[in-house]
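Working notes, beginning with the structure itself.
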There are 4 protein chains.
Amino acid sequence: MALLAGKTVSGIDYKVKDMSLASFGRQEIESVEAEMPGLMACRDEFGPAQPFKGARITGSLHMTIQTAVLIETLIALGAEVRWCSCSTFSTQDQAAAAIARDSAAVFAWKGQTLQEYWWCIERALDWGSGGGPDLIVDDGGNTTLLIHEGVKAEEEFAKTGKVPDPASTTNVEFQIVLALIKESFKVDPLRYHRMKDRIVGVSEETTTGVKRLYQMQNSGSLLFPAISVNDSVTKSKFDHLYGCRHSLPDGLMRATDVMIAGKVAVVCGYGNVGKVCAAAMKVAGARVFVTEIDPICALEALLEGHTVQTLEDVVSTADIFVTTTGNKDIIMLDHMRKMKNNAIVCNIGPFDNEIDMQGLENFPGVTKITIKPQTDRWVFPDTKSGIIVLAEGRLMNFGCATGLPSIVVSFSSTKHVMAQLHLWNERKLGKCEKKVYVLLRHLDEKVAALHLPKLDAKLTKLSPDQAAYSNVPLQACPSLPTTV
Amino acid sequence: MALLAGKTVSGIDYKVKDMSLASFGRQEIESVEAEMPGLMACRDEFGPAQPFKGARITGSLHMTIQTAVLIETLIALGAEVRWCSCSTFSTQDQAAAAIARDSAAVFAWKGQTLQEYWWCIERALDWGSGGGPDLIVDDGGNTTLLIHEGVKAEEEFAKTGKVPDPASTTNVEFQIVLALIKESFKVDPLRYHRMKDRIVGVSEETTTGVKRLYQMQNSGSLLFPAISVNDSVTKSKFDHLYGCRHSLPDGLMRATDVMIAGKVAVVCGYGNVGKVCAAAMKVAGARVFVTEIDPICALEALLEGHTVQTLEDVVSTADIFVTTTGNKDIIMLDHMRKMKNNAIVCNIGPFDNEIDMQGLENFPGVTKITIKPQTDRWVFPDTKSGIIVLAEGRLMNFGCATGLPSIVVSFSSTKHVMAQLHLWNERKLGKCEKKVYVLLRHLDEKVAALHLPKLDAKLTKLSPDQAAYSNVPLQACPSLPTTV
Amino acid sequence: MALLAGKTVSGIDYKVKDMSLASFGRQEIESVEAEMPGLMACRDEFGPAQPFKGARITGSLHMTIQTAVLIETLIALGAEVRWCSCSTFSTQDQAAAAIARDSAAVFAWKGQTLQEYWWCIERALDWGSGGGPDLIVDDGGNTTLLIHEGVKAEEEFAKTGKVPDPASTTNVEFQIVLALIKESFKVDPLRYHRMKDRIVGVSEETTTGVKRLYQMQNSGSLLFPAISVNDSVTKSKFDHLYGCRHSLPDGLMRATDVMIAGKVAVVCGYGNVGKVCAAAMKVAGARVFVTEIDPICALEALLEGHTVQTLEDVVSTADIFVTTTGNKDIIMLDHMRKMKNNAIVCNIGPFDNEIDMQGLENFPGVTKITIKPQTDRWVFPDTKSGIIVLAEGRLMNFGCATGLPSIVVSFSSTKHVMAQLHLWNERKLGKCEKKVYVLLRHLDEKVAALHLPKLDAKLTKLSPDQAAYSNVPLQACPSLPTTV
Amino acid sequence: MALLAGKTVSGIDYKVKDMSLASFGRQEIESVEAEMPGLMACRDEFGPAQPFKGARITGSLHMTIQTAVLIETLIALGAEVRWCSCSTFSTQDQAAAAIARDSAAVFAWKGQTLQEYWWCIERALDWGSGGGPDLIVDDGGNTTLLIHEGVKAEEEFAKTGKVPDPASTTNVEFQIVLALIKESFKVDPLRYHRMKDRIVGVSEETTTGVKRLYQMQNSGSLLFPAISVNDSVTKSKFDHLYGCRHSLPDGLMRATDVMIAGKVAVVCGYGNVGKVCAAAMKVAGARVFVTEIDPICALEALLEGHTVQTLEDVVSTADIFVTTTGNKDIIMLDHMRKMKNNAIVCNIGPFDNEIDMQGLENFPGVTKITIKPQTDRWVFPDTKSGIIVLAEGRLMNFGCATGLPSIVVSFSSTKHVMAQLHLWNERKLGKCEKKVYVLLRHLDEKVAALHLPKLDAKLTKLSPDQAAYSNVPLQACPSLPTTV
């Protein structure tokens with residue numbers, strides 16, 4: 001493998017695209033810090049006590065400017081950090097460069113091959129002489145997976161002497177994983193065992209990663225405690241509510257320069273995301289039509305002043321179509337054929353099969369004109385009429401806007417800090433089992449509380465009498481969690 | 001007991017305030033039917049099949065115009081009905097008169113004594129010769145309680161020969177209950193046993209009633225199946241969201257004629273009700289301050305554009321104060337002393353101990369000037385400054401506005417119809433146990449669906465493929481529940 | 001004429017309905033003072049200097065609680081006041097009683113005959129021995145008219161010796177006016193000449209009154225200076241914008257208890273009032289349809305997210321209809337015949353000919369059921385379907401709500417104070433001609449400024465440099481107008 | 001002068017940056033056509049009659065994609081067109097290339113020198129052998145100026161024999177103009193006289209241009225009729241209301257990726273633009289503070305739920321500052337020194353002197369870090385705290401967003417078409433004098449009407465009776481203006 005890491009003058013390992021981007025990255029980090037008040041408040045409140053003193057943290061999470069603020073917060077609290085990205089395309093190279101130059105070992109760049117991607121994970125896990133981290137910040141669960149697969153392979157080897165065989169699977173990515181583990185057998189056939197013995201726990205960001213963790217827990221194979229950062233009050237609700245409300249109009253305007261006022265917008269699905277999207281379109285001055293299969297959600301849409309119709313009823317008169325259902329096959333080729341010229345079609349639901357991109361691509365003679373990146377005009381040959389599809393039917397707020405705003409990411413990042421602090425402090429008490437924990441309510445409250453001062457908010461305090469009356473703890477929000 | 005029921009020319013038992021109000025009541029019933037589309041749709045869809053053929057229903061629920069539409073819907077579906085109110089003050093006498101004249105036995109009037117109140121319940125339960133109903137619609141659980149206490153007393157009598165002794169309790173209301181039961185021993189010492197044997201089940205409206213049912217279930221004493229109409233998606237959320245959003249500004253304007261635009265409104269508590277109240281004040285043009293003890297809720301308030309401060313910070317500059325916390329001692333005498341002249345103070349939280357009415361009443365020399373019913377100006381003798389307190393600190397939307405709008409009541413009333421249909425149909429299958437059931441999701445969906453046609457809404461239908469993909473039943477909303 | 005005024009113990013002339021209502025009226029006056037911050041600020045700022053010292057003011061303006069605050073403000077600034085109402089039905093008897101008992105001569109009660117009405121005007125103009133006022137506050141122009149007609153008759157008499165002859169006109173009301181003038185000839189054939197010689201000027205409230213004043217000015221017959229309070233920035237805009245936004249939903253809810261959310265509302269006309277009504281319905285959760293004849297207004301409606309259709313297109317599916325056009329024959333019988341059962345029909349436009357009440361009343365067999373005062377259900381005999389008409393097609397915000405909120409009235413009342421101060425101060429300088437003046441911009445600004453402190457607002461001050469740059473006077477808002 | 005125009009294969013004169021951008025430009029033109037329904041409707045309605053048959057139109061207006069749609073609309077109505085830009089920086093080179101290749105003579109590119117800029121104007125005016133156009137579309141008035149200066153110089157020459165002398169002025173730009181005119185003397189000393197004799201009129205876009213036209217009219221030097229497109233109902237109101245409402249949040253999000261919800265926004269000035277900006281910030285979830293000098297505007301802000309304070313009161317706690325005053329020296333260095341780290345400062349007022357950029361630039365040791373074009377972070381050396389200034393204090397919606405959305409431009413562009421049609425048709429009747437005309441109300445209505453069909457709107461028609469009642473012409477919006 002020709003991949004080689006570099007070392008900075010101050011001795012930091014790294015492999016990034018272009019170290020000369022470091023200063024630009026630093027500027028952006030400084031610009032975004034004010035938008036991540038929870039992380040900055042962590043530095044103020046916990047920094048002096050250095051609670052992560054002695055802790056090694058390996059992180060695998062989109063190596064963006066926002067993540068850079070998380071990394072430097074962990075360091076400010078005393079941790080040593082090594083980082084890689086959890087996706088081949090999400091790294092902002094200036095962020096990686098700035099972190100590598102100034103703060104922590106980084107192995108990440110935009111546009112990795114799968115082989116490069118897994119090499120980076122392995123590098124982030126390697127704390128010298130094959131030793132591993134104390135704590136993991138994970139997103140999607142691949143770092144956790146590598147350790148679990150490593151341990152499994154080592155057990156198999158101990159029992160049968162067999163080393164992992166990439167050829168044993170047809171899954172290309174898993175071949176890479178097995179090859180990576182096989183490689184480590186050369187230096188240490190118990191490397192992953194030693195690694196898991198040291199690990200105090202992992203905090204996991206995503207639904208997908210948490211699902212895997214629960215599967216491991218249920219099958220009894222989970223090797224260390226895990227905290228789901230995803231299943232907390234401030235995560236999914238806030239991501240949807242504040243994230244989408246911000247980024248749906250933002251993405252529409254950046255991609256198409258269109259004025260939403262006066263348009264007819266169709267929102268397919270009126271669940272958590274659909275509700276927010278419909279509201280965002282309404283305040284922007286659009287007339288909103290909702291399509292729904294569930295009568296309760298339909299009733300809610302009506303009572304918010306939206307019109308509820310089927311897609312067929314409005315397909316030829318609407319200007320903007322947004323899918324939010326989480327189901328598939330929502331806007332099909334036949335629908336798109338009936339739309340007005342230059343109707344805008346986009347998806348903000350979690351998966352990319354709501355819009356029939358395949359049907360569109362395969363239509364005989366269709367022309368795809370890229371107006372700008374992530375904004376394509378598809379023209380049908382017979383009608384000469386075109387529709388504008390955003391982000392190729394994938395999440396338009398990530399493709400055409402900037403994904404989640406920094407302050408929303410600040411909530412989830414601060415949750416990682418709380419979860420990591422909790423795991424690290426609890427290690428001495430041995431209280432955490434090899435289970436998946438949901439972020440405790442009081443830690444979630446702490447995350448919210450850390451954001452309040454910079455937003456000029458002042459909390460009311462319960463009296464002992466009131467606390468007794470409502471049967472809740474007196475200190476609704478502890479200023480410093482005892483064990484954390 | 002001097003209470004005597006009358007009988008109409010068509011042979012309906014009744015005791016109401018004034019039968020001459022019947023025509024006025026009929027007009028109001030006709031006016032409100034269009035606002036209760038779920039009930040009217042029930043008549044259209046289920047009426048022809050007469051599913052309640054042979055069923056006797058005893059109802060105990062505020063005898064209002066809205067309830068009259070429910071009663072006549074049950075009758076339209078084939079039921080025989082006897083009715084009483086669940087509260088001594090909530091009856092609208094014109095509604096009772098109209099029902100008594102045209103439709104069903106009614107025992108209800110505004111301003112009952114406790115004794116009269118319980119006499120009415122007993123009358124509503126008596127279907128002749130002491131026989132009881134097949135089904136109960138209950139609100140607060142007193143009708144259910146009477147039967148349970150009756151059965152208990154009869155068992156005690158069977159074992160020990162003791163008849164119930166009102167003097168055995170100091171609780172005045174329970175003395176009345178025991179006296180009532182004792183009375184029935186004279187004619188039939190197994191009357192309540194026979195009653196409970198016949199009863200197929202009860203649908204219960206309120207949190208309080210449901211709490212009692214769970215206690216009975218847990219202690220093993222529940223005598224028949226129960227369905228909680230309260231714990232369904234469309235109930236508490238809809239009551240809060242649509243009910244309070246409508247009735248907070250309505251109550252403020254009816255009580256004080258004040259223009260909300262330009263005012264500073266303080267909303268104490270940012271839970272489900274507080275969120276809606278703050279939003280309602282904001283769209284009406286007020287500047288909104290929120291007080292909160294929970295940092296997560298505080299963060300939510302900030303992100304909606306409200307200011308979060310303590311009550312102390314804003315008490316002397318705000319114009320309108322609304323408590324929504326569900327806790328006690330929120331606005332105390334000291335706060336009220338600091339308010340601006342003619343500041344408006346009201347509560348829309350569930351209990352009436354959020355505002356310190358006792359402290360206010362006991363302030364030496366304070367003058368209470370009733371501007372109009374439920375709207376009092378309290379003037380402090382030293383400062384000559386006054387504050388305006390709505391509904392004496394009780395639920396201002398019931399005291400100063402008209403409570404829940406008819407269409408919101410239509411949701412819960414239609415739920416009773418669904419629950420009663422379910423209990424009645426399941427009786428043949430014997431599937432319902434002596435347990436508390438939450439309204440099944442598909443019945444809740446049916447309730448919503450029944451409202452849609454009159455709101456001009458059209459549902460989208462899942463394809464078999466989409467249903468499989470999301471792992472949900474194909475028919476999200478059955479046009480006619482099989483067993484119901 | 002059997003009309004006789006009384007005299008209070010403190011010597012105040014009056015004729016009111018019921019003096020025992022005075023205490024109730026006083027309570028309401030005290031309650032409303034906080035909602036009229038401009039008037040209260042006038043008392044604080046101008047009261048000490050007693051600028052109206054020596055001025056007699058005759059006022060003719062709806063004798064309501066709000067007007068009572070105006071009257072007592074004029075008195076607090078040093079004036080003597082006599083008052084009558086400008087309408088036979090608008091007096092609040094408790095307000096009249098309180099003013100009569102405590103503050104000023106009043107001749108007003110609810111439900112006057114036309115003869116009584118004009119007798120009251122004459123009484124209000126009579127300051128003893130037939131002497132008249134220095135200043136007039138007028139609404140509709142009848143007080144001004146009486147003086148002008150009196151002067152005309154006296155001139156005719158001087159020339160020809162003819163006294164006014166009521167029989168010379170068929171107009172019943174004008175017969176009363178002539179009879180009143182004729183009566184005064186008995187005591188003093190130059191009474192109205194002496195009166196007009198003394199008068200310094202009039203401030204007029206309404207469009208109708210101002211129109212008359214301009215006609216007099218144009219014909220050269222205007223006898224004293226006049227200030228139009230109507231044509232100022234804060235009057236018509238504020239009345240429409242803030243008044244209707246408040247009172248349309250208020251009136252709908254009070255009259256029908258209906259929840260607006262989820263309804264389809266049709267707003268006929270999208271002018272100044274229509275824009276506000278459509279916006280109010282939208283924020284209340286209705287789907288809004290607008291009908292318009294003007295393409296520019298139609299475009300504005302579209303760009304606010306409303307749907308623009310003809311009345312015919314939506315008449316059979318909408319729930320609420322509001323006319324705002326200022327034109328006639330907007331909702332005709334044929335439209336009403338096609339509406340849904342219990343559709344709500346109301347008018348908030350200036351005149352009462354937008355809804356075809358006559359067509360409705362004359363429909364053979366139609367039944368009118370009064371649900372509550374100003375709320376009628378009209379049922380068609382053939383369809384048994386009814387519609388609900390508010391305020392008999394007249395201004396629904398006056399009929400079903402409380403008209404303009406006090407703070408909006410505070411703006412116009414404060415404008416009268418400014419106008420009266422201006423006229424009174426200018427009398428010495430003789431600068432005012434016998435012309436109609438629009439309220440000077442700086443007086444209008446002063447009105448706004450007087451409201452700001454109680455609304456916690458702080459103005460920014462222009463620097464001399466900025467004033468020069470924009471070519472405006474340095475002191476945008478003089479703290480005390482020099483001549484006023 | 002080394003500037004040379006090219007000629008396309010089809011014989012069109014042009015000078016553009018890069019002809020290879022034509023296809024890209026064509027795609028964008030096709031994309032934007034649907035957003036300019038007024039222009040497209042003009043092609044449908046007027047195209048067949050070819051009303052511009054024989055008319056030569058010279059246009060000088062930002063050579064953008066949106067203007068390309070205007071140009072091709074004029075051509076579709078029968079005109080011949082030559083075009084240049086009215087600004088050295090506003091040309092979109094792909095738009096210029098597409099027009100040059102497919103439609104009309106163009107002389108425009110982004111980043112011209114002043115000399116190049118005026119050369120382009122002269123080229124656009126030259127229809128061969130020095131002959132000029134019949135009609136002018138102008139923006140800012142420079143094309144009109146060149147003709148007027150040319151005529152003046154020729155008159156001077158006729159009188160005195162003197163040719164224009166660039167050295168006679170110190171104004172660099174005017175030196176260029178004189179040099180250009182001098183050059184034309186070589187071929188034809190009466191060129192501009194001939195030009196003005198042919199010209200039927202000009203339609204002018206901007207306030208600045210219209211101001212110049214009025215000065216010419218007042219001094220009697222205006223050489224041909226002019227129509228101000230600026231002073232029409234749908235222009236300034238629509239540009240402000242819909243343009244700024246769209247582009248303020250759009251610019252903020254594009255420049256800084258910031259989530260507006262939860263922020264404190266200060267809007268300096270509450271005039272037409274300030275009102276819209278404050279409303280846009282409020283619906284986006286910000287808490288809005290307004291600064292104002294005018295008490296009436298301050299009152300309006302209060303009644304919309306905003307807080308009114310001075311800049312000093314909020315400068316250290318707010319997150320976003322927007323100037324909208326039209327005055328100067330609004331946000332000064334001292335203010336910026338007190339702001340929070342990364343506070344955002346921008347201007348959407350007409351001129352660029354509201355923010356003290358000079359003070360900022362001259363602060364000793366200040367660092368300017370360009371985060372992205374038009375988005376700079378200025379860091380003070382002593383505090384290390386930075387502020388983010390958008391578009392260097394110039395119009396942020398043009399610098400950081402895309403200026404006015406296409407549909408808003410569609411209104412003003414369609415107005416040019418109406419104005420040009422009017423001028424061209426009236427030429428035969430000789431009705432237009434050498435005066436500045438405001439766009440006639442019926443033409444303005446026509447502009448609006450042309451947009452309605454594509455927005456699915458349906459107008460109501462006045463009955464003859466209603467028209468008489470309101471004293472307006474029966475046909476509020478003529479389907480085809482008689483003379484136009």
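By order in the structure tokens, chains are A, B, ...; within a chain, residues start at 1; ligands start at 1, following the order shown.
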Exercise for review: Return the neighbours of chain D among the residues of chain C, cut-off 8 Å, counting only C-alpha atoms, as an MDAnalysis selection string.
Suggested key: chainID C and resid 234 242 291:296 298:299 302:303 307:311 327:329 444:446 448:449 451:452 455:462 466 469:470 476:477
Find the residues around Met19 in chain C up to 9 Å (only C-alpha atoms counted), leave out those fewer than 6 positions away in its own chain, and share them as a PDB file with N, CA, C and O atoms, in the first residue's frame.
```
ATOM      1  N   ASP C  93     -74.020  54.159  28.145  1.00  0.00           N
ATOM      2  CA  ASP C  93     -74.689  54.964  29.173  1.00  0.00           C
ATOM      3  C   ASP C  93     -73.866  55.094  30.452  1.00  0.00           C
ATOM      4  O   ASP C  93     -73.938  56.105  31.155  1.00  0.00           O
ATOM      5  N   GLN C  94     -73.065  54.077  30.753  1.00  0.00           N
ATOM      6  CA  GLN C  94     -72.237  54.171  31.955  1.00  0.00           C
ATOM      7  C   GLN C  94     -71.150  55.222  31.789  1.00  0.00           C
ATOM      8  O   GLN C  94     -70.743  55.880  32.751  1.00  0.00           O
ATOM      9  N   ALA C  96     -71.427  57.984  29.899  1.00  0.00           N
ATOM     10  CA  ALA C  96     -72.104  59.285  30.009  1.00  0.00           C
ATOM     11  C   ALA C  96     -72.362  59.618  31.475  1.00  0.00           C
ATOM     12  O   ALA C  96     -72.123  60.757  31.925  1.00  0.00           O
ATOM     13  N   ALA C  97     -72.825  58.635  32.241  1.00  0.00           N
ATOM     14  CA  ALA C  97     -73.132  58.883  33.648  1.00  0.00           C
ATOM     15  C   ALA C  97     -71.883  59.275  34.424  1.00  0.00           C
ATOM     16  O   ALA C  97     -71.896  60.217  35.240  1.00  0.00           O
ATOM     17  N   ALA C  98     -70.795  58.574  34.194  1.00  0.00           N
ATOM     18  CA  ALA C  98     -69.567  58.878  34.931  1.00  0.00           C
ATOM     19  C   ALA C  98     -69.060  60.275  34.617  1.00  0.00           C
ATOM     20  O   ALA C  98     -68.650  61.029  35.506  1.00  0.00           O
ATOM     21  N   ALA C 100     -70.861  62.826  33.486  1.00  0.00           N
ATOM     22  CA  ALA C 100     -71.824  63.795  34.035  1.00  0.00           C
ATOM     23  C   ALA C 100     -71.597  63.976  35.540  1.00  0.00           C
ATOM     24  O   ALA C 100     -71.603  65.091  36.057  1.00  0.00           O
ATOM     25  N   ARG C 101     -71.408  62.861  36.239  1.00  0.00           N
ATOM     26  CA  ARG C 101     -71.245  62.943  37.690  1.00  0.00           C
ATOM     27  C   ARG C 101     -69.933  63.637  38.073  1.00  0.00           C
ATOM     28  O   ARG C 101     -69.878  64.454  38.992  1.00  0.00           O
TER      29      ARG C 101
END
```
**Item:** B:Lys454, B:Ala265, B:Thr144, B:Gly285 ranked by distance to Leu223 in chain B, top pick (using only C-alpha atoms)
**Value:**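 The answer is B:Thr144, which sits nearest to Leu223 in chain B.
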| task | Quick one: everything within 9 Å of Leu423 in chain C, counting only C-alpha atoms, minus sequence neighbours fewer than 6 positions away in the same chain. Send it as a list in words. | result |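 The residues that qualify are Leu135, Val200, Gly201, Val202, Ser203, Pro225, Ala226, Ile227, Cys432 and Val484 of chain C.
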Write the selection just made, keeping N, CA, C and O atoms, as a short mmCIF file (atom, residue, chain, number, x, y, z; two decimals), in the first residue's frame?
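Result file is again.cif:
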```cif
data_model
loop_
_atom_site.label_atom_id
_atom_site.label_comp_id
_atom_site.auth_asym_id
_atom_site.auth_seq_id
_atom_site.Cartn_x
_atom_site.Cartn_y
_atom_site.Cartn_z
N LEU C 135 -63.99 76.13 20.85
CA LEU C 135 -63.46 75.06 20.00
C LEU C 135 -64.51 73.97 19.86
O LEU C 135 -65.30 73.74 20.77
N VAL C 200 -62.85 79.42 17.40
CA VAL C 200 -61.47 79.44 16.92
C VAL C 200 -61.25 78.37 15.86
O VAL C 200 -60.40 78.51 14.98
N GLY C 201 -61.99 77.30 15.96
CA GLY C 201 -61.83 76.24 14.96
C GLY C 201 -62.45 74.93 15.40
O GLY C 201 -62.92 74.77 16.53
N VAL C 202 -62.44 73.96 14.44
CA VAL C 202 -63.01 72.65 14.69
C VAL C 202 -61.99 71.59 14.26
O VAL C 202 -61.26 71.76 13.30
N SER C 203 -61.93 70.51 15.03
CA SER C 203 -61.18 69.35 14.52
C SER C 203 -62.19 68.26 14.20
O SER C 203 -63.06 67.95 15.00
N PRO C 225 -61.69 78.06 10.87
CA PRO C 225 -60.68 77.08 10.47
C PRO C 225 -61.06 75.66 10.91
O PRO C 225 -61.76 75.49 11.92
N ALA C 226 -60.62 74.67 10.12
CA ALA C 226 -60.91 73.28 10.45
C ALA C 226 -59.66 72.43 10.25
O ALA C 226 -58.88 72.69 9.34
N ILE C 227 -59.48 71.48 11.15
CA ILE C 227 -58.36 70.54 10.96
C ILE C 227 -58.95 69.15 10.78
O ILE C 227 -59.77 68.70 11.58
N CYS C 432 -54.35 80.96 11.43
CA CYS C 432 -55.24 80.01 10.77
C CYS C 432 -56.33 80.75 9.99
O CYS C 432 -57.04 81.59 10.53
N VAL C 484 -47.72 75.13 19.72
CA VAL C 484 -48.75 74.35 20.41
C VAL C 484 -48.45 74.33 21.90
O VAL C 484 -47.36 74.00 22.30
#
```
*Between C:His422, C:Lys415, C:Arg123, C:Arg56, single out the one closest to Ile199 in chain C, counting only C-alpha atoms.*
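Distance minimum relative to Ile199 in chain C lands on C:Arg56.
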May I have all residues of range 62-203 of chain C that DSSP, computed from the backbone, assigns to alpha helix (DSSP H), given as JSON, numbers by chain? {"C": [65, 66, 67, 68, 69, 70, 71, 72, 73, 74, 75, 76, 93, 94, 95, 96, 97, 98, 99, 100, 101, 102, 114, 115, 116, 117, 118, 119, 120, 121, 122, 123, 124, 125, 142, 143, 144, 145, 146, 147, 148, 149, 150, 151, 152, 153, 154, 155, 156, 157, 158, 159, 160, 172, 173, 174, 175, 176, 177, 178, 179, 180, 181, 182, 183, 184, 185, 186, 187, 191, 192, 193, 194, 195, 196, 197, 198]}
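Atom pair CA of His193 in chain B / CA of Ala153 in chain B: separated by 10.1 Å.
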- D:Gly262, D:Gly78, D:Pro51, D:Gly150: which is nearest Val177 in chain D, counting only C-alpha atoms?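 For Val177 in chain D, the nearest of the candidates is D:Gly150.
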Practice item. Can you work out which one of B:Met259, B:Asp126, B:Val417, B:Gly25 has the shortest atom-to-atom distance to Arg43 in chain B, counting only C-alpha atoms? Key: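 Looking at the shortest contact to Arg43 in chain B, the residue is B:Val417.
For the residues A:Ile371, A:Thr414, A:Lys237, A:Lys434, ranking by smallest atom-to-atom distance to Arg26 in chain D using only C-alpha atoms places A:Ile371 first.
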note - CA of Ser412 in chain A and CA of His246 in chain A are separated by 16.8 Å
Report task. Report as a PyMOL selection string: the residues of range 17-174 of chain A with a DSSP assignment of strand (DSSP E), based on the backbone of this structure. Result -> chain A and resi 56-60+80-84+105-107+135-138
ask   = Which distance in Å separates CA of Val273 in chain A and CA of Met281 in chain B, to one decimal?
value =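 These two atoms are separated by 24.8 Å.
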With only C-alpha atoms as the atoms that count, which of D:Thr325, D:Pro166, D:Ala105, D:Ala49 lies nearest to Ile71 in chain D?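 Closest to Ile71 in chain D, using only C-alpha atoms: D:Ala105.
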